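**Student:** This is the content of coords_29.cif (mmCIF, C-alpha atoms):
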data_model
#
loop_
_atom_site.label_atom_id
_atom_site.label_comp_id
_atom_site.auth_asym_id
_atom_site.auth_seq_id
_atom_site.Cartn_x
_atom_site.Cartn_y
_atom_site.Cartn_z
CA MET P 1 19.06 -38.89 24.89
CA SER P 2 19.12 -36.66 21.87
CA ASP P 3 16.78 -37.50 19.00
CA ILE P 4 18.97 -35.79 16.43
CA ASN P 5 19.49 -37.91 13.33
CA LEU P 6 22.75 -37.78 11.49
CA VAL P 7 22.89 -37.88 7.72
CA GLU P 8 23.63 -41.31 6.37
CA ALA P 9 27.09 -41.70 4.93
CA PRO P 10 27.25 -42.16 1.17
CA ALA P 11 28.03 -45.58 -0.28
CA GLY P 12 31.71 -46.43 0.05
CA VAL P 13 34.27 -48.85 1.34
CA GLU P 14 34.59 -49.02 5.08
CA GLY P 15 37.27 -50.70 7.15
CA ALA P 16 39.07 -50.38 10.44
CA GLY P 17 39.94 -46.68 10.78
CA PHE P 18 39.15 -45.63 7.23
CA PHE P 19 36.24 -44.89 4.93
CA ALA P 20 36.64 -44.40 1.21
CA THR P 21 34.12 -42.89 -1.18
CA SER P 22 34.14 -40.48 -4.09
CA LEU P 23 34.64 -36.77 -3.44
CA GLU P 24 31.58 -36.02 -5.55
CA LYS P 25 29.30 -37.87 -3.14
CA VAL P 26 30.76 -36.16 -0.08
CA VAL P 27 30.48 -32.71 -1.64
CA GLY P 28 26.92 -33.48 -2.77
CA MET P 29 25.97 -34.63 0.71
CA ALA P 30 27.47 -31.53 2.31
CA ARG P 31 25.81 -29.16 -0.12
CA ALA P 32 22.42 -30.83 0.09
CA ASN P 33 22.34 -30.46 3.85
CA SER P 34 23.39 -26.84 4.04
CA LEU P 35 21.47 -25.12 1.25
CA TRP P 36 21.08 -21.43 1.96
CA PRO P 37 17.86 -20.25 0.38
CA LEU P 38 17.16 -16.75 -0.89
CA PRO P 39 13.41 -16.20 -0.45
CA PHE P 40 12.19 -14.03 -3.32
CA ALA P 41 8.65 -13.67 -2.03
CA THR P 42 6.25 -11.35 -3.81
CA SER P 43 2.78 -12.49 -2.75
CA CYS P 44 0.66 -15.13 -1.04
CA CYS P 45 3.12 -17.99 -1.69
CA GLY P 46 5.57 -15.92 0.35
CA ILE P 47 3.12 -16.03 3.28
CA GLU P 48 3.08 -19.84 3.00
CA PHE P 49 6.86 -19.77 3.04
CA MET P 50 6.78 -17.77 6.27
CA ALA P 51 4.75 -20.58 7.80
CA THR P 52 7.26 -23.05 6.34
CA MET P 53 10.13 -21.18 7.97
CA GLY P 54 8.33 -20.93 11.32
CA SER P 55 8.76 -23.30 14.23
CA HIS P 56 5.82 -25.56 13.34
CA TYR P 57 7.11 -26.70 9.94
CA ASP P 58 10.72 -25.83 10.82
CA PHE P 59 12.30 -25.45 7.42
CA SER P 60 15.76 -25.16 8.99
CA ARG P 61 15.83 -28.83 10.00
CA PHE P 62 16.81 -29.57 6.36
CA GLY P 63 19.93 -27.45 6.69
CA ALA P 64 18.30 -24.29 5.34
CA GLU P 65 19.05 -22.62 8.64
CA ARG P 66 20.01 -19.29 7.21
CA PRO P 67 17.68 -17.59 4.73
CA SER P 68 20.08 -15.39 2.83
CA PHE P 69 18.79 -12.03 1.73
CA SER P 70 21.95 -11.40 -0.21
CA PRO P 71 22.28 -13.31 -3.49
CA ARG P 72 26.05 -13.50 -3.02
CA GLN P 73 25.83 -16.05 -0.22
CA ALA P 74 22.77 -17.95 -1.42
CA ASP P 75 22.66 -21.37 -3.06
CA LEU P 76 18.95 -21.67 -3.77
CA LEU P 77 16.69 -19.00 -5.24
CA MET P 78 13.13 -19.59 -4.07
CA VAL P 79 10.74 -17.57 -6.23
CA MET P 80 7.38 -17.39 -4.52
CA GLY P 81 4.62 -15.33 -6.04
CA THR P 82 3.52 -13.43 -9.12
CA ILE P 83 6.40 -11.92 -11.07
CA ALA P 84 5.20 -8.89 -12.99
CA LYS P 85 7.05 -8.07 -16.19
CA LYS P 86 8.45 -5.00 -14.49
CA MET P 87 9.92 -7.24 -11.77
CA ALA P 88 11.50 -9.62 -14.32
CA PRO P 89 14.81 -7.70 -14.80
CA VAL P 90 15.20 -7.51 -11.00
CA LEU P 91 14.73 -11.26 -10.60
CA ARG P 92 17.14 -11.91 -13.43
CA GLN P 93 19.72 -9.62 -11.85
CA VAL P 94 19.39 -11.44 -8.52
CA TYR P 95 19.92 -14.77 -10.29
CA ILE P 96 23.00 -13.47 -12.12
CA GLN P 97 24.47 -12.19 -8.85
CA MET P 98 24.28 -15.63 -7.25
CA ALA P 99 27.49 -17.64 -7.29
CA GLU P 100 27.67 -21.12 -8.81
CA PRO P 101 26.46 -23.67 -7.94
CA ARG P 102 22.97 -22.22 -7.79
CA TRP P 103 19.54 -23.76 -7.93
CA VAL P 104 16.10 -22.28 -8.54
CA ILE P 105 12.73 -23.42 -7.26
CA ALA P 106 9.49 -21.90 -8.60
CA VAL P 107 6.88 -22.05 -5.84
CA GLY P 108 3.23 -21.78 -6.82
CA ALA P 109 1.22 -21.41 -9.99
CA CYS P 110 2.24 -17.80 -10.71
CA ALA P 111 5.98 -18.34 -10.55
CA SER P 112 5.63 -21.57 -12.54
CA SER P 113 3.26 -20.46 -15.30
CA GLY P 114 1.74 -17.07 -14.59
CA GLY P 115 -1.18 -18.81 -12.87
CA ILE P 116 -4.50 -17.02 -13.09
CA PHE P 117 -2.76 -13.84 -14.24
CA ASP P 118 -2.88 -14.55 -17.94
CA THR P 119 -2.39 -10.92 -18.81
CA TYR P 120 -0.06 -8.52 -20.58
CA SER P 121 1.59 -7.26 -17.41
CA VAL P 122 2.59 -10.58 -15.78
CA LEU P 123 5.47 -12.88 -16.66
CA GLN P 124 4.06 -16.24 -17.77
CA GLY P 125 6.39 -18.31 -15.61
CA ILE P 126 9.88 -17.39 -14.43
CA ASP P 127 11.38 -19.97 -16.79
CA GLU P 128 10.95 -17.33 -19.51
CA ILE P 129 13.93 -15.49 -17.98
CA ILE P 130 15.91 -17.91 -15.78
CA PRO P 131 16.37 -21.70 -15.69
CA VAL P 132 14.25 -23.49 -13.07
CA ASP P 133 15.14 -26.78 -11.33
CA VAL P 134 11.94 -27.64 -9.45
CA TYR P 135 8.35 -26.42 -9.79
CA VAL P 136 5.97 -26.62 -6.83
CA PRO P 137 2.30 -26.61 -7.90
CA GLY P 138 -0.46 -25.03 -5.84
CA CYS P 139 -2.19 -21.72 -5.42
CA PRO P 140 -0.66 -21.25 -2.92
CA PRO P 141 1.05 -24.57 -2.12
CA ARG P 142 0.85 -25.75 1.49
CA PRO P 143 4.08 -25.74 3.54
CA GLU P 144 4.29 -29.51 3.07
CA ALA P 145 4.42 -28.97 -0.70
CA ILE P 146 7.15 -26.36 -0.36
CA ILE P 147 9.15 -28.75 1.85
CA ASN P 148 8.63 -31.51 -0.70
CA GLY P 149 9.93 -29.20 -3.43
CA PHE P 150 12.92 -28.41 -1.27
CA ASN P 151 13.56 -32.14 -0.76
CA LYS P 152 13.51 -32.59 -4.55
CA ILE P 153 16.15 -29.86 -4.80
CA GLN P 154 18.19 -31.70 -2.17
CA ASP P 155 17.99 -34.87 -4.29
CA LEU P 156 19.26 -32.92 -7.30
CA VAL P 157 22.08 -31.38 -5.28
CA ARG P 158 23.08 -34.69 -3.73
CA SER P 159 23.36 -36.44 -7.08
CA GLU P 160 24.81 -33.58 -9.12
CA SER P 161 28.11 -34.30 -10.80
CA LEU P 162 30.96 -32.03 -9.75
CA ARG P 163 31.68 -31.17 -13.37
CA ARG P 164 28.10 -30.35 -14.34
CA ARG P 165 28.54 -26.57 -14.11
CA GLU P 166 31.50 -26.76 -16.51
CA SER P 167 29.68 -28.92 -19.06
CA PRO P 168 28.81 -27.58 -22.52
CA GLU P 169 25.14 -28.54 -21.89
CA TYR P 170 25.03 -26.24 -18.88
CA SER P 171 26.67 -23.39 -20.81
CA ALA P 172 24.16 -23.92 -23.59
CA LEU P 173 21.31 -23.78 -21.06
CA LEU P 174 22.50 -20.46 -19.68
CA ALA P 175 23.20 -19.14 -23.16
CA LYS P 176 19.58 -19.91 -24.04
CA TYR P 177 18.60 -17.37 -21.40
CA GLY P 178 21.28 -14.92 -22.52
CA ILE P 179 23.20 -15.28 -19.26
CA GLN P 180 27.06 -15.11 -19.31
CA MET B 1 -21.51 26.12 4.54
CA GLY B 2 -24.34 24.21 2.90
CA LYS B 3 -24.22 22.04 -0.15
CA ILE B 4 -24.43 23.64 -3.58
CA ALA B 5 -27.16 22.30 -5.84
CA ASN B 6 -25.94 20.58 -9.00
CA GLN B 7 -28.32 22.77 -11.03
CA HIS B 8 -26.56 25.85 -9.69
CA ILE B 9 -23.17 24.56 -10.88
CA ILE B 10 -24.56 23.79 -14.33
CA ASP B 11 -26.18 27.24 -14.51
CA LYS B 12 -22.90 28.94 -13.65
CA LEU B 13 -21.00 26.87 -16.22
CA SER B 14 -23.62 27.54 -18.92
CA THR B 15 -23.45 31.26 -18.26
CA GLN B 16 -19.68 31.12 -18.68
CA PHE B 17 -19.31 28.65 -21.55
CA GLY B 18 -22.75 28.65 -23.23
CA GLU B 19 -23.61 25.70 -25.42
CA LYS B 20 -20.26 23.93 -24.93
CA ILE B 21 -21.40 22.25 -21.70
CA LEU B 22 -23.14 19.17 -23.09
CA THR B 23 -25.53 16.46 -21.81
CA PRO B 24 -25.51 17.18 -18.07
CA SER B 25 -26.88 14.30 -16.00
CA GLU B 26 -26.84 13.15 -12.39
CA PRO B 27 -26.29 9.38 -12.13
CA PHE B 28 -26.40 8.50 -8.40
CA GLY B 29 -26.44 12.23 -7.66
CA LEU B 30 -23.00 12.80 -9.23
CA LEU B 31 -23.11 15.73 -11.61
CA THR B 32 -21.68 14.59 -14.95
CA PHE B 33 -21.29 16.53 -18.16
CA GLU B 34 -19.35 16.50 -21.40
CA THR B 35 -17.34 19.27 -22.90
CA SER B 36 -14.97 19.73 -25.80
CA VAL B 37 -11.19 19.46 -25.95
CA THR B 38 -10.84 23.14 -26.91
CA ILE B 39 -12.25 24.51 -23.64
CA ILE B 40 -11.48 21.75 -21.11
CA ALA B 41 -8.52 23.69 -19.66
CA ASP B 42 -10.72 26.77 -19.21
CA VAL B 43 -13.54 24.74 -17.63
CA LEU B 44 -11.18 23.15 -15.10
CA ALA B 45 -9.56 26.52 -14.32
CA PHE B 46 -12.98 28.12 -13.90
CA LEU B 47 -14.22 25.41 -11.52
CA LYS B 48 -11.03 25.57 -9.49
CA ASN B 49 -10.64 29.34 -9.29
CA ASP B 50 -14.28 30.39 -8.96
CA LYS B 51 -14.67 32.11 -5.57
CA GLU B 52 -17.97 30.38 -4.81
CA LEU B 53 -17.48 26.85 -6.19
CA GLN B 54 -13.83 26.19 -5.23
CA PHE B 55 -13.32 22.77 -6.84
CA ILE B 56 -9.77 22.76 -5.54
CA TYR B 57 -9.17 19.02 -5.37
CA LEU B 58 -8.46 16.79 -8.38
CA THR B 59 -9.63 13.31 -7.43
CA ASP B 60 -8.75 11.43 -10.61
CA ILE B 61 -7.97 11.57 -14.28
CA THR B 62 -8.57 8.46 -16.33
CA ALA B 63 -9.89 7.42 -19.72
CA VAL B 64 -12.36 5.01 -21.31
CA HIS B 65 -12.18 3.46 -24.77
CA TYR B 66 -15.44 3.16 -26.71
CA PRO B 67 -14.37 1.59 -30.04
CA GLU B 68 -17.85 2.02 -31.58
CA LYS B 69 -17.86 5.82 -31.24
CA THR B 70 -16.35 8.32 -33.67
CA ASN B 71 -14.50 10.06 -30.87
CA ALA B 72 -13.54 6.82 -29.24
CA LEU B 73 -11.46 7.95 -26.29
CA ALA B 74 -13.14 9.60 -23.32
CA VAL B 75 -10.88 11.41 -20.88
CA VAL B 76 -12.63 11.58 -17.52
CA TYR B 77 -11.90 14.13 -14.79
CA HIS B 78 -13.22 13.81 -11.26
CA ILE B 79 -12.95 16.99 -9.23
CA HIS B 80 -14.07 17.71 -5.70
CA SER B 81 -15.02 20.87 -3.88
CA LEU B 82 -13.75 20.20 -0.38
CA ILE B 83 -15.52 23.30 0.97
CA HIS B 84 -18.97 22.19 -0.20
CA ASN B 85 -18.35 18.44 -0.38
CA VAL B 86 -19.62 18.33 -3.95
CA ARG B 87 -18.09 16.28 -6.74
CA VAL B 88 -18.25 16.74 -10.51
CA ARG B 89 -17.34 14.37 -13.33
CA ILE B 90 -16.27 15.83 -16.68
CA LYS B 91 -15.88 13.80 -19.87
CA VAL B 92 -14.06 14.87 -22.99
CA PHE B 93 -14.32 12.71 -26.11
CA ILE B 94 -11.36 12.76 -28.48
CA PRO B 95 -10.56 10.71 -31.62
CA THR B 96 -7.97 7.91 -31.57
CA SER B 97 -6.36 9.42 -34.67
CA ASN B 98 -5.42 12.56 -32.72
CA PRO B 99 -5.57 11.79 -28.98
CA THR B 100 -4.35 15.15 -27.67
CA ILE B 101 -5.70 17.18 -24.77
CA PRO B 102 -4.21 20.02 -22.69
CA SER B 103 -2.46 18.95 -19.51
CA ALA B 104 -4.00 19.77 -16.13
CA THR B 105 -0.57 19.92 -14.47
CA THR B 106 -0.68 23.72 -14.71
CA LEU B 107 -3.65 23.68 -12.31
CA TRP B 108 -2.82 20.68 -10.10
CA GLU B 109 0.63 19.20 -9.51
CA GLY B 110 -1.17 15.97 -8.65
CA ALA B 111 -2.28 15.62 -12.27
CA ASN B 112 1.27 14.63 -13.19
CA TRP B 113 1.14 10.92 -12.32
CA MET B 114 -2.54 10.56 -13.24
CA GLU B 115 -1.82 11.81 -16.75
CA ARG B 116 1.23 9.58 -17.04
CA GLU B 117 -0.93 6.60 -16.11
CA THR B 118 -3.62 7.61 -18.59
CA PHE B 119 -0.96 8.00 -21.28
CA ASP B 120 0.55 4.65 -20.31
CA PHE B 121 -2.69 2.71 -20.72
CA TYR B 122 -4.58 4.68 -23.40
CA GLY B 123 -1.90 6.62 -25.29
CA ILE B 124 -3.50 10.00 -24.65
CA GLN B 125 -1.06 12.85 -25.28
CA PHE B 126 -1.33 15.52 -22.61
CA ILE B 127 0.03 18.68 -24.19
CA GLY B 128 2.21 20.63 -21.74
CA HIS B 129 2.92 17.71 -19.41
CA PRO B 130 6.51 18.03 -18.08
CA ASN B 131 7.43 14.32 -18.34
CA LEU B 132 4.94 12.23 -20.27
CA VAL B 133 6.51 8.74 -20.08
CA ARG B 134 5.20 5.35 -18.97
CA ILE B 135 4.70 4.97 -15.24
CA LEU B 136 3.30 1.49 -14.49
CA ASN B 137 4.05 -0.72 -17.48
CA VAL B 138 7.50 -1.82 -18.61
CA ASP B 139 9.36 0.94 -20.44
CA ASP B 140 9.81 -1.04 -23.65
CA MET B 141 6.09 -1.78 -24.09
CA THR B 142 4.94 -0.67 -27.54
CA VAL B 143 1.15 -0.84 -27.13
CA PHE B 144 -1.44 0.91 -24.99
CA PRO B 145 -2.89 -2.13 -23.25
CA MET B 146 -6.27 -0.80 -22.11
CA ARG B 147 -7.37 0.01 -25.64
CA LYS B 148 -9.79 -2.63 -26.86
CA GLU B 149 -7.82 -3.60 -29.96
CA PHE B 150 -5.01 -5.09 -27.83
CA ALA B 151 -5.42 -8.60 -26.47
CA LEU B 152 -5.59 -8.82 -22.70
CA GLU B 153 -3.84 -12.18 -22.60
CA ASP B 154 -0.13 -12.64 -22.89
CA PRO B 155 0.87 -14.12 -26.27
CA ASN B 156 3.73 -16.10 -24.67
CA ARG B 157 1.34 -18.38 -22.81
CA VAL B 158 1.40 -21.72 -24.65
CA ASP B 159 -0.56 -24.03 -22.35
CA LYS B 160 -3.88 -22.21 -22.69
CA LYS B 161 -5.25 -23.96 -25.75
CA ASP B 162 -8.82 -23.06 -26.69
CA PHE B 163 -10.01 -26.66 -26.83
CA PHE B 164 -9.25 -27.15 -23.14
CA PHE B 165 -11.85 -24.49 -22.43
CA GLY B 166 -14.51 -25.60 -24.93
CA ARG B 167 -13.85 -22.67 -27.27
#
Could you write out this file's structure as structure tokens?

**Tutor:**
Amino acid sequence: MSDINLVEAPAGVEGAGFFATSLEKVVGMARANSLWPLPFATSCCGIEFMATMGSHYDFSRFGAERPSFSPRQADLLMVMGTIAKKMAPVLRQVYIQMAEPRWVIAVGACASSGGIFDTYSVLQGIDEIIPVDVYVPGCPPRPEAIINGFNKIQDLVRSESLRRRESPEYSALLAKYGIQ
Amino acid sequence: MGKIANQHIIDKLSTQFGEKILTPSEPFGLLTFETSVTIIADVLAFLKNDKELQFIYLTDITAVHYPEKTNALAVVYHIHSLIHNVRVRIKVFIPTSNPTIPSATTLWEGANWMERETFDFYGIQFIGHPNLVRILNVDDMTVFPMRKEFALEDPNRVDKKDFFFGR
């Protein structure tokens, strides 16, 4: 017997030979279980992510089977590590190259706030240049913490409205960062 | 070939440059002396080209900021005689109002990046350098961050309130 669990169907109306639910819920479910992450790993948090991707923690069981090293095919930007100010335009460019819908997770103290590097050469959190959906604390966070952050992203994806990316609030958020 | 005594190097330099070789000392056995900005190019060329000494290797160029001194910026050269395995440290003090010094790129190609780094962090103008632009910091930085008057910490950081740290 296989011990593979299937994703639970979203709430809906079920009868003989049919199942009715809203498109939004189906799309959310599909997206949440096939998020392709782009690992943007610059330091020790990246090493923790390697452990997360490995067979022991098995990141791919959440549908993140394919780490995408091209921003064009990625859904989730995972920023792991210290982002120096000289790296900031590169990170921003990678974010801009990603297609909508896109999510961002800041893993570790440095990506979230600059961490111990309170200095002129280090970006004090990536949310100075791009919008962030989930922050994972830790220096570095354990693989469990990274997985938990990923699960939070999945919750966001699952419940996101289909029209969110066209909303004026979302445009205003991007405009705040000077994107678009 | 045996080691050359530090005293011998100082004697040779004093014969060549007289009173302009100042305050020689040997902390941890490393011969250190000061000289002036007018003759630093000649001193380096002499040490490199002298048939006996042959200080052919430039180990490092950097700077130090001493805000309390009149000539507040010290440019420090470390050179190495690979033949004799002897090292020398040379310091040149220059004022912050006019931080200019001749470039060593005419003697060593390797001085290029070292001088760019020293310019990047201390704002020292190396006259004759082929491409004196920032090398490590972001291009649009307006300050020279290793000078003492510039705050180390990033001004954008908002969560680091003094009262959390008992200050």

**Student:** Can you pull out every residue within 12 Å of P:Ile47, counting all atoms listed in the file, but drop anything in the same chain fewer than 4 positions away, and send it as a PDB file with C-alpha atoms, in the frame of the given file?

**Tutor:**
ATOM      1  CA  PRO P  39      13.410 -16.200  -0.450  1.00  0.00           C
ATOM      2  CA  PHE P  40      12.190 -14.030  -3.320  1.00  0.00           C
ATOM      3  CA  ALA P  41       8.650 -13.670  -2.030  1.00  0.00           C
ATOM      4  CA  THR P  42       6.250 -11.350  -3.810  1.00  0.00           C
ATOM      5  CA  SER P  43       2.780 -12.490  -2.750  1.00  0.00           C
ATOM      6  CA  ALA P  51       4.750 -20.580   7.800  1.00  0.00           C
ATOM      7  CA  THR P  52       7.260 -23.050   6.340  1.00  0.00           C
ATOM      8  CA  MET P  53      10.130 -21.180   7.970  1.00  0.00           C
ATOM      9  CA  GLY P  54       8.330 -20.930  11.320  1.00  0.00           C
ATOM     10  CA  MET P  80       7.380 -17.390  -4.520  1.00  0.00           C
ATOM     11  CA  GLY P  81       4.620 -15.330  -6.040  1.00  0.00           C
ATOM     12  CA  VAL P 107       6.880 -22.050  -5.840  1.00  0.00           C
ATOM     13  CA  GLY P 108       3.230 -21.780  -6.820  1.00  0.00           C
ATOM     14  CA  CYS P 139      -2.190 -21.720  -5.420  1.00  0.00           C
ATOM     15  CA  PRO P 140      -0.660 -21.250  -2.920  1.00  0.00           C
ATOM     16  CA  PRO P 141       1.050 -24.570  -2.120  1.00  0.00           C
ATOM     17  CA  ARG P 142       0.850 -25.750   1.490  1.00  0.00           C
ATOM     18  CA  PRO P 143       4.080 -25.740   3.540  1.00  0.00           C
ATOM     19  CA  ILE P 146       7.150 -26.360  -0.360  1.00  0.00           C
TER      20      ILE P 146
END

**Student:** Apply the PyMOL selection byres ((chain P) within 8 of (chain B)) to the displayed file and report the matching residues as a PyMOL selection string.

**Tutor:** chain P and resi 85-86+118-122+124

**Student:** On this structure, the PyMOL selection byres ((chain P and resi 98) around 6) would catch which residues? List them as a ChimeraX atom specification, sorted by chain and number.

**Tutor:** /P:71-72,95-97,99

**Student:** Have a look at atom CA of P:Pro37 and atom CA of P:Glu166 and let me know their distance in Å, one decimal.

**Tutor:**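 The value is 22.7 Å.
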
**Student:** Residues picked by the PyMOL selection byres ((chain B and resi 146) around 6) here, as an NGL selection string?

**Tutor:** :B and (121-122 or 144-145 or 147)

**Student:** At a cut-off of 9 Å, using all atoms listed in the file, what residues contact P:Arg66? Leave out same-chain residues fewer than 4 positions from it and give the result as a list in words.

**Tutor:**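 So the residues in contact are Ser34, Leu35, Trp36, Pro37, Leu38 and Ser60 of chain P.
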
**Student:** Which residues are close to B:Trp108, i.e. within 9 Å by all atoms listed in the file, leaving aside same-chain residues fewer than 2 positions away? Reply as an NGL selection string.

**Tutor:** :B and (56-58 or 104-106 or 110-112)

**Student:** Record the distance separating atom CA of P:Ala84 and atom CA of P:Asn148, expressed in Å with one decimal.

**Tutor:**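 These two atoms are separated by 26.0 Å.
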
**Student:** (13.8, -27.2, -17.7) in this file's frame - what residues fall within 12 Å of it? Use only C-alpha atoms and give the answer as a PyMOL selection string.

**Tutor:** chain P and resi 103-106+112+125-135+170+173-174+176-177

**Student:** Which is closer to B:Ala41 than all the others in B:Ile127, B:Ile94, B:Ala74, B:Val86, using only C-alpha atoms?

**Tutor:**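 Closest candidate: B:Ile127.
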
**Student:** What does the distance from atom CA of B:Leu31 to atom CA of B:Ala63 come to in Å, to one decimal?

**Tutor:**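 So the answer is 17.6 Å.
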